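The structure file upload20.csv is reproduced below (CSV, C-alpha atoms and all ligand atoms).
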```csv
chain,number,residue,atom,x,y,z
F,1,MET,CA,-8.1,-29.8,137.7
F,2,PRO,CA,-7.9,-31.7,141.0
F,3,LYS,CA,-6.3,-29.8,143.8
F,4,THR,CA,-2.8,-30.8,144.8
F,5,PRO,CA,-2.3,-31.4,148.5
F,6,ALA,CA,-0.9,-28.4,150.3
F,7,ARG,CA,1.9,-30.5,151.7
F,8,LEU,CA,3.0,-31.2,148.1
F,9,ASP,CA,3.4,-27.5,147.3
F,10,ALA,CA,5.5,-27.1,150.5
F,11,ALA,CA,7.7,-30.1,149.6
F,12,GLN,CA,8.3,-28.9,146.1
F,13,ALA,CA,9.3,-25.5,147.3
F,14,ASN,CA,12.1,-27.2,149.1
F,15,GLY,CA,13.3,-29.3,146.1
F,16,GLY,CA,11.0,-32.2,147.0
F,17,PRO,CA,11.3,-35.0,149.5
F,18,TRP,CA,13.8,-37.8,149.0
F,19,TYR,CA,11.1,-39.8,147.2
F,20,ARG,CA,10.3,-37.0,144.7
F,21,ASP,CA,10.7,-39.3,141.8
F,22,GLY,CA,8.1,-41.6,143.2
F,23,LEU,CA,8.3,-45.0,144.8
F,24,ARG,CA,7.6,-48.5,143.4
F,25,PHE,CA,4.6,-50.4,144.8
F,26,GLU,CA,2.5,-53.2,143.5
F,27,CYS,CA,0.5,-55.3,146.1
F,28,THR,CA,1.1,-59.0,145.7
F,29,GLN,CA,-2.0,-59.7,147.8
F,30,CYS,CA,0.1,-61.8,150.2
F,31,GLY,CA,-1.9,-60.5,153.2
F,32,ASP,CA,1.2,-60.1,155.4
F,33,CYS,CA,0.2,-56.5,156.4
F,34,CYS,CA,-3.0,-57.8,157.9
F,35,THR,CA,-1.5,-60.4,160.3
F,36,GLY,CA,1.6,-61.6,162.2
F,37,ALA,CA,1.6,-59.5,165.3
F,38,PRO,CA,-0.8,-57.7,167.6
F,39,GLY,CA,-1.7,-54.3,166.2
F,40,TYR,CA,-4.2,-51.7,165.5
F,41,VAL,CA,-6.4,-51.0,162.5
F,42,TRP,CA,-8.0,-47.7,163.6
F,43,VAL,CA,-11.6,-47.2,162.5
F,44,THR,CA,-13.7,-44.1,162.6
F,45,ALA,CA,-17.5,-44.0,163.2
F,46,GLU,CA,-18.0,-43.6,159.5
F,47,GLU,CA,-15.8,-46.5,158.6
F,48,ILE,CA,-17.6,-48.7,161.2
F,49,ALA,CA,-21.0,-47.7,159.8
F,50,ALA,CA,-19.8,-48.5,156.2
F,51,ILE,CA,-18.6,-51.9,157.2
F,52,ALA,CA,-21.8,-52.6,159.1
F,53,ARG,CA,-23.8,-51.7,156.0
F,54,ARG,CA,-21.7,-54.0,153.9
F,55,LEU,CA,-22.3,-56.9,156.4
F,56,ALA,CA,-26.0,-56.0,156.7
F,57,ILE,CA,-25.7,-55.8,160.5
F,58,SER,CA,-26.3,-52.9,162.9
F,59,VAL,CA,-23.5,-50.7,164.1
F,60,GLU,CA,-24.0,-52.1,167.6
F,61,GLU,CA,-23.5,-55.6,166.4
F,62,MET,CA,-20.5,-54.6,164.3
F,63,GLU,CA,-18.9,-53.0,167.3
F,64,ARG,CA,-19.6,-56.0,169.5
F,65,ARG,CA,-18.2,-58.6,167.1
F,66,TYR,CA,-15.4,-56.8,165.3
F,67,VAL,CA,-14.3,-53.7,167.2
F,68,ARG,CA,-12.5,-53.0,170.4
F,69,LYS,CA,-11.9,-49.8,172.2
F,70,VAL,CA,-8.4,-48.6,173.0
F,71,GLY,CA,-8.6,-45.4,175.1
F,72,THR,CA,-10.8,-43.1,173.1
F,73,ARG,CA,-10.1,-44.8,169.8
F,74,LYS,CA,-11.5,-47.9,168.2
F,75,THR,CA,-9.7,-50.7,166.3
F,76,LEU,CA,-10.7,-53.8,164.4
F,77,ILE,CA,-10.0,-56.8,166.5
F,78,ASP,CA,-7.2,-59.3,165.6
F,79,ILE,CA,-7.3,-63.0,166.4
F,80,ALA,CA,-4.5,-64.3,168.6
F,81,GLU,CA,-5.3,-68.0,167.7
F,82,ARG,CA,-4.9,-67.2,164.0
F,83,ASN,CA,-1.4,-65.5,164.2
F,84,TRP,CA,-3.1,-62.2,164.9
F,85,ASP,CA,-5.0,-62.1,161.7
F,86,CYS,CA,-7.2,-59.1,161.3
F,87,VAL,CA,-10.7,-60.2,161.9
F,88,PHE,CA,-11.6,-59.4,158.3
F,89,LEU,CA,-8.7,-61.3,156.7
F,90,ASP,CA,-9.9,-64.5,155.0
F,91,ALA,CA,-8.0,-67.4,156.6
F,92,THR,CA,-7.8,-69.3,153.3
F,93,THR,CA,-7.4,-66.8,150.5
F,94,ARG,CA,-5.5,-64.2,152.6
F,95,GLY,CA,-7.7,-61.5,151.0
F,96,CYS,CA,-9.6,-58.8,152.8
F,97,THR,CA,-13.2,-59.7,153.0
F,98,ILE,CA,-14.4,-56.1,153.2
F,99,TYR,CA,-11.9,-54.8,150.6
F,100,GLU,CA,-14.1,-52.1,149.1
F,101,ASP,CA,-14.9,-50.7,152.6
F,102,ARG,CA,-11.5,-51.3,154.2
F,103,PRO,CA,-10.4,-48.4,156.6
F,104,ARG,CA,-8.3,-45.5,155.4
F,105,GLN,CA,-5.4,-46.9,157.2
F,106,CYS,CA,-5.5,-50.0,155.0
F,107,ARG,CA,-6.1,-48.0,151.8
F,108,THR,CA,-3.1,-45.8,152.3
F,109,TRP,CA,-0.5,-48.4,153.2
F,110,PRO,CA,2.4,-48.4,152.5
F,111,PHE,CA,2.4,-44.7,152.1
F,112,TRP,CA,2.4,-43.7,155.7
F,113,GLU,CA,4.6,-40.9,157.1
F,114,SER,CA,6.5,-43.5,159.3
F,115,ASN,CA,7.2,-45.7,156.2
F,116,VAL,CA,8.6,-43.0,154.0
F,117,LYS,CA,10.2,-40.5,156.3
F,118,THR,CA,13.7,-41.7,155.4
F,119,PRO,CA,15.2,-44.1,152.8
F,120,GLU,CA,16.0,-46.4,155.7
F,121,ALA,CA,12.4,-46.4,156.8
F,122,TRP,CA,11.3,-47.2,153.3
F,123,ARG,CA,13.9,-50.0,153.0
F,124,HIS,CA,12.4,-51.5,156.2
F,125,THR,CA,8.9,-51.3,154.7
F,126,CYS,CA,10.2,-53.1,151.6
F,127,GLU,CA,11.4,-55.9,153.9
F,128,VAL,CA,8.1,-56.4,155.6
F,129,CYS,CA,5.9,-55.8,152.5
F,130,PRO,CA,6.8,-57.8,149.4
F,131,GLY,CA,5.0,-55.3,147.1
F,132,SER,CA,6.9,-52.3,148.3
F,133,GLY,CA,9.8,-51.4,146.1
F,134,LYS,CA,8.4,-53.5,143.3
F,135,GLY,CA,6.1,-52.9,140.3
F,136,ASN,CA,5.1,-49.5,138.7
F,137,VAL,CA,6.3,-46.2,140.1
F,138,VAL,CA,3.7,-44.5,142.2
F,139,PRO,CA,4.1,-40.8,141.5
F,140,LEU,CA,4.8,-38.2,144.2
F,141,VAL,CA,1.4,-36.6,143.9
F,142,GLU,CA,-0.3,-39.9,144.7
F,143,ILE,CA,2.1,-40.6,147.6
F,144,GLU,CA,1.5,-37.2,149.1
F,145,THR,CA,-2.3,-37.6,148.6
F,146,ARG,CA,-2.2,-40.9,150.6
F,147,LEU,CA,0.1,-39.4,153.2
F,148,SER,CA,-2.4,-36.6,153.8
F,149,VAL,CA,-5.3,-39.1,154.6
F,150,VAL,CA,-4.1,-40.5,157.9
F,151,LYS,CA,-1.3,-39.7,160.2
F,152,MET,CA,0.5,-43.1,160.8
F,201,LIG,S1,2.2,-56.9,152.8
F,201,LIG,FE1,2.4,-55.6,151.0
F,201,LIG,S2,2.2,-56.9,149.2
F,201,LIG,FE2,1.4,-58.0,151.0
F,201,LIG,S3,-0.8,-57.6,151.0
F,201,LIG,FE3,0.2,-56.1,152.3
F,201,LIG,S4,0.5,-54.4,150.9
F,201,LIG,FE4,0.2,-56.2,149.6
F,202,LIG,S1,-9.5,-54.5,157.1
F,202,LIG,FE1,-8.8,-55.8,155.4
F,202,LIG,S2,-7.0,-54.7,154.6
F,202,LIG,FE2,-7.4,-53.9,156.6
F,202,LIG,S3,-6.1,-55.1,158.0
F,202,LIG,FE3,-8.1,-56.1,157.9
F,202,LIG,S4,-8.0,-57.6,156.3
F,202,LIG,FE4,-6.3,-56.2,156.1
```

Will you turn the file into structure tokens for me?
Amino acid sequence: MPKTPARLDAAQANGGPWYRDGLRFECTQCGDCCTGAPGYVWVTAEEIAAIARRLAISVEEMERRYVRKVGTRKTLIDIAERNWDCVFLDATTRGCTIYEDRPRQCRTWPFWESNVKTPEAWRHTCEVCPGSGKGNVVPLVEIETRLSVVKM
């Protein structure tokens, strides 16, 4: 049996978080979360290496072309002339061109701590992400698993 995240046990002990019955989410593939304003898509060394492998380029070239440093961290670049599209967003299809190797930050959206901490925060997330609040219910255990991957 897979392990349940420790934070889920803690939440259940207190009657569960406000979203204990799950939250609806079904991505419409609109691409809105990958564009629209300057931002950060944080990447680890492992994620950079995985994307470089996918693109069949060296890590050095990957970093030179697609990554910038912010303090001690690294983020994928976004393109000001293209409405701040993430560098890996396809300008035509609005799909992610590295989808299978997209960073954890992208895999776990919209289930970030900042998005679910209150019903109001989730309502705001639903306003900016057309797939949030729609579609099938994502159960609590899956939400908590994604929340435990990155602190956002
Ligand atoms: S904004 Fe929401 S619905 Fe649109 S691509 Fe991103 S996750 Fe999917
Ligand atoms: S890596 Fe892909 S999913 Fe993540 S922001 Fe860029 S285009 Fe979007």

Check your understanding: Could you pull the residues within 12 Å of Glu127 of chain F, counting all atoms listed in the file, minus those fewer than 6 positions along the same chain, as a PyMOL selection string?
Key -> chain F and resi 32-33+110+115+120-121+133-134

| said: How would you report the residues lying within 12 Å of ligand LIG 202 (chain F), as a PyMOL selection string, if you count only C-alpha atoms and all ligand atoms? | reply: chain F and resi 27+29-43+47-48+50-51+66-67+75-79+84-91+93-110

Margin query: (7.5, -36.6, 146.6) in this file's frame - what residues fall within 7 Å of it? Use all atoms listed in the file and give the answer as a PyMOL selection string.
Written below: chain F and resi 16-22+140-141+143-144

Selection file, C-alpha atoms, as a PDB file, keeping the file's coordinate frame:
```
ATOM      1  CA  GLY F  16      11.000 -32.200 147.000  1.00  0.00           C
ATOM      2  CA  PRO F  17      11.300 -35.000 149.500  1.00  0.00           C
ATOM      3  CA  TRP F  18      13.800 -37.800 149.000  1.00  0.00           C
ATOM      4  CA  TYR F  19      11.100 -39.800 147.200  1.00  0.00           C
ATOM      5  CA  ARG F  20      10.300 -37.000 144.700  1.00  0.00           C
ATOM      6  CA  ASP F  21      10.700 -39.300 141.800  1.00  0.00           C
ATOM      7  CA  GLY F  22       8.100 -41.600 143.200  1.00  0.00           C
ATOM      8  CA  LEU F 140       4.800 -38.200 144.200  1.00  0.00           C
ATOM      9  CA  VAL F 141       1.400 -36.600 143.900  1.00  0.00           C
ATOM     10  CA  ILE F 143       2.100 -40.600 147.600  1.00  0.00           C
ATOM     11  CA  GLU F 144       1.500 -37.200 149.100  1.00  0.00           C
TER      12      GLU F 144
END
```

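Proximity of F:Ile57, F:Val137, F:Met152, F:Cys126 to ligand LIG 201 (chain F), computed with only C-alpha atoms and all ligand atoms, is greatest for F:Cys126.
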
From F:Thr125, F:Asn136, F:Ser148, F:Ser114, residue lying nearest ligand LIG 201 (chain F) [all atoms listed in the file]: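 Of F:Thr125, F:Asn136, F:Ser148, F:Ser114, the one nearest ligand LIG 201 (chain F), counting all atoms listed in the file, is F:Thr125.
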
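Restricting the calculation to only C-alpha atoms, the smallest distance between Ala52 of chain F and any of F:Gly135, F:Arg64, F:Arg123, F:Leu23 is found for F:Arg64.
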
**Asked** So how many Å separate atom CA of Ala49 of chain F and atom CA of Arg65 of chain F, to one decimal?
**Response**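 Taking atom CA of Ala49 of chain F and atom CA of Arg65 of chain F, their separation equals 13.4 Å.
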
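Counting all atoms listed in the file and comparing F:Gly15, F:Gly71, F:Pro119, F:Pro130, the residue that lies closest to ligand LIG 201 (chain F) is F:Pro130.
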
Applying 6 Å and only C-alpha atoms, which residues near Gly131 of chain F remain after dropping the ones on its own chain fewer than 5 positions away? List them as a PDB file with C-alpha atoms, in the coordinates of the input.
```pdb
ATOM      1  CA  PHE F  25       4.600 -50.400 144.800  1.00  0.00           C
ATOM      2  CA  GLU F  26       2.500 -53.200 143.500  1.00  0.00           C
ATOM      3  CA  CYS F  27       0.500 -55.300 146.100  1.00  0.00           C
ATOM      4  CA  THR F  28       1.100 -59.000 145.700  1.00  0.00           C
TER       5      THR F  28
END
```

Next on the checklist: Just to confirm, what's the straight-line distance from atom FE3 of ligand LIG 201 (chain F) to atom CA of Arg53 of chain F in Å (one decimal)?
Outcome noted: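 Atom CA of Arg53 of chain F lies 24.7 Å from atom FE3 of ligand LIG 201 (chain F).
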
Around all the atoms of ligand LIG 201 (chain F) listed in the file, with 4 Å of room on each side, what axis-aligned box do you get, giving centre and edge lengths in Å to one decimal, as AutoDock Vina command-line options?
```
--center_x 0.8 --center_y -56.2 --center_z 151.0 --size_x 11.2 --size_y 11.6 --size_z 11.6
```

- prompt: In Å, how far is it from atom CA of Glu46 of chain F to atom CA of Arg146 of chain F?
  reply: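 Pair atom CA of Glu46 of chain F / atom CA of Arg146 of chain F returns 18.3 Å.
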
* Option closest in space to ligand LIG 201 (chain F), from F:Ser132, F:Trp122, F:Arg54, F:Lys74 [counting only C-alpha atoms and all ligand atoms] ->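 Of the candidates, the smallest distance to ligand LIG 201 (chain F) is held by F:Ser132.
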
Expected file content for segment 28-50 of chain F, N, CA and C atoms, as a PDB file, in the first residue's frame:
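The resulting part_2.pdb:
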```
ATOM      1  N   THR F  28      -7.702  22.564 -19.088  1.00  0.00           N
ATOM      2  CA  THR F  28      -8.290  22.792 -20.415  1.00  0.00           C
ATOM      3  C   THR F  28      -7.201  22.978 -21.482  1.00  0.00           C
ATOM      4  N   GLN F  29      -5.938  22.916 -21.030  1.00  0.00           N
ATOM      5  CA  GLN F  29      -4.790  23.113 -21.941  1.00  0.00           C
ATOM      6  C   GLN F  29      -4.770  24.513 -22.536  1.00  0.00           C
ATOM      7  N   CYS F  30      -5.295  25.504 -21.813  1.00  0.00           N
ATOM      8  CA  CYS F  30      -5.315  26.860 -22.371  1.00  0.00           C
ATOM      9  C   CYS F  30      -3.937  27.506 -22.382  1.00  0.00           C
ATOM     10  N   GLY F  31      -3.042  27.053 -21.513  1.00  0.00           N
ATOM     11  CA  GLY F  31      -1.687  27.605 -21.463  1.00  0.00           C
ATOM     12  C   GLY F  31      -1.569  28.887 -20.647  1.00  0.00           C
ATOM     13  N   ASP F  32      -2.657  29.350 -20.044  1.00  0.00           N
ATOM     14  CA  ASP F  32      -2.623  30.636 -19.337  1.00  0.00           C
ATOM     15  C   ASP F  32      -1.645  30.657 -18.163  1.00  0.00           C
ATOM     16  N   CYS F  33      -1.410  29.487 -17.559  1.00  0.00           N
ATOM     17  CA  CYS F  33      -0.521  29.475 -16.395  1.00  0.00           C
ATOM     18  C   CYS F  33       0.951  29.522 -16.805  1.00  0.00           C
ATOM     19  N   CYS F  34       1.218  29.540 -18.097  1.00  0.00           N
ATOM     20  CA  CYS F  34       2.598  29.525 -18.587  1.00  0.00           C
ATOM     21  C   CYS F  34       2.957  30.848 -19.243  1.00  0.00           C
ATOM     22  N   THR F  35       2.163  31.896 -19.016  1.00  0.00           N
ATOM     23  CA  THR F  35       2.351  33.151 -19.745  1.00  0.00           C
ATOM     24  C   THR F  35       1.701  34.303 -18.986  1.00  0.00           C
ATOM     25  N   GLY F  36       1.757  35.495 -19.590  1.00  0.00           N
ATOM     26  CA  GLY F  36       0.919  36.601 -19.123  1.00  0.00           C
ATOM     27  C   GLY F  36       1.583  37.621 -18.233  1.00  0.00           C
ATOM     28  N   ALA F  37       2.633  37.257 -17.549  1.00  0.00           N
ATOM     29  CA  ALA F  37       3.313  38.191 -16.652  1.00  0.00           C
ATOM     30  C   ALA F  37       4.686  37.618 -16.329  1.00  0.00           C
ATOM     31  N   PRO F  38       5.626  38.493 -15.987  1.00  0.00           N
ATOM     32  CA  PRO F  38       6.932  37.970 -15.594  1.00  0.00           C
ATOM     33  C   PRO F  38       6.773  37.057 -14.384  1.00  0.00           C
ATOM     34  N   GLY F  39       7.512  35.992 -14.346  1.00  0.00           N
ATOM     35  CA  GLY F  39       7.387  35.079 -13.216  1.00  0.00           C
ATOM     36  C   GLY F  39       8.549  34.118 -13.161  1.00  0.00           C
ATOM     37  N   TYR F  40       8.412  33.149 -12.310  1.00  0.00           N
ATOM     38  CA  TYR F  40       9.492  32.197 -12.109  1.00  0.00           C
ATOM     39  C   TYR F  40       8.981  30.776 -12.258  1.00  0.00           C
ATOM     40  N   VAL F  41       9.725  29.979 -12.983  1.00  0.00           N
ATOM     41  CA  VAL F  41       9.490  28.535 -12.991  1.00  0.00           C
ATOM     42  C   VAL F  41      10.789  27.925 -12.461  1.00  0.00           C
ATOM     43  N   TRP F  42      10.807  27.696 -11.164  1.00  0.00           N
ATOM     44  CA  TRP F  42      12.038  27.231 -10.513  1.00  0.00           C
ATOM     45  C   TRP F  42      12.404  25.840 -10.999  1.00  0.00           C
ATOM     46  N   VAL F  43      13.684  25.660 -11.245  1.00  0.00           N
ATOM     47  CA  VAL F  43      14.161  24.354 -11.699  1.00  0.00           C
ATOM     48  C   VAL F  43      15.366  23.911 -10.870  1.00  0.00           C
ATOM     49  N   THR F  44      15.367  22.647 -10.550  1.00  0.00           N
ATOM     50  CA  THR F  44      16.492  22.052  -9.821  1.00  0.00           C
ATOM     51  C   THR F  44      17.532  21.559 -10.834  1.00  0.00           C
ATOM     52  N   ALA F  45      18.689  21.178 -10.324  1.00  0.00           N
ATOM     53  CA  ALA F  45      19.745  20.640 -11.194  1.00  0.00           C
ATOM     54  C   ALA F  45      19.247  19.382 -11.909  1.00  0.00           C
ATOM     55  N   GLU F  46      18.492  18.562 -11.195  1.00  0.00           N
ATOM     56  CA  GLU F  46      17.977  17.322 -11.802  1.00  0.00           C
ATOM     57  C   GLU F  46      16.995  17.650 -12.921  1.00  0.00           C
ATOM     58  N   GLU F  47      16.158  18.643 -12.689  1.00  0.00           N
ATOM     59  CA  GLU F  47      15.180  19.012 -13.720  1.00  0.00           C
ATOM     60  C   GLU F  47      15.873  19.615 -14.943  1.00  0.00           C
ATOM     61  N   ILE F  48      16.889  20.423 -14.704  1.00  0.00           N
ATOM     62  CA  ILE F  48      17.651  20.998 -15.817  1.00  0.00           C
ATOM     63  C   ILE F  48      18.299  19.882 -16.628  1.00  0.00           C
ATOM     64  N   ALA F  49      18.871  18.906 -15.923  1.00  0.00           N
ATOM     65  CA  ALA F  49      19.528  17.794 -16.616  1.00  0.00           C
ATOM     66  C   ALA F  49      18.515  16.978 -17.425  1.00  0.00           C
ATOM     67  N   ALA F  50      17.342  16.764 -16.863  1.00  0.00           N
ATOM     68  CA  ALA F  50      16.315  15.979 -17.559  1.00  0.00           C
ATOM     69  C   ALA F  50      15.848  16.697 -18.828  1.00  0.00           C
TER      70      ALA F  50
END
```
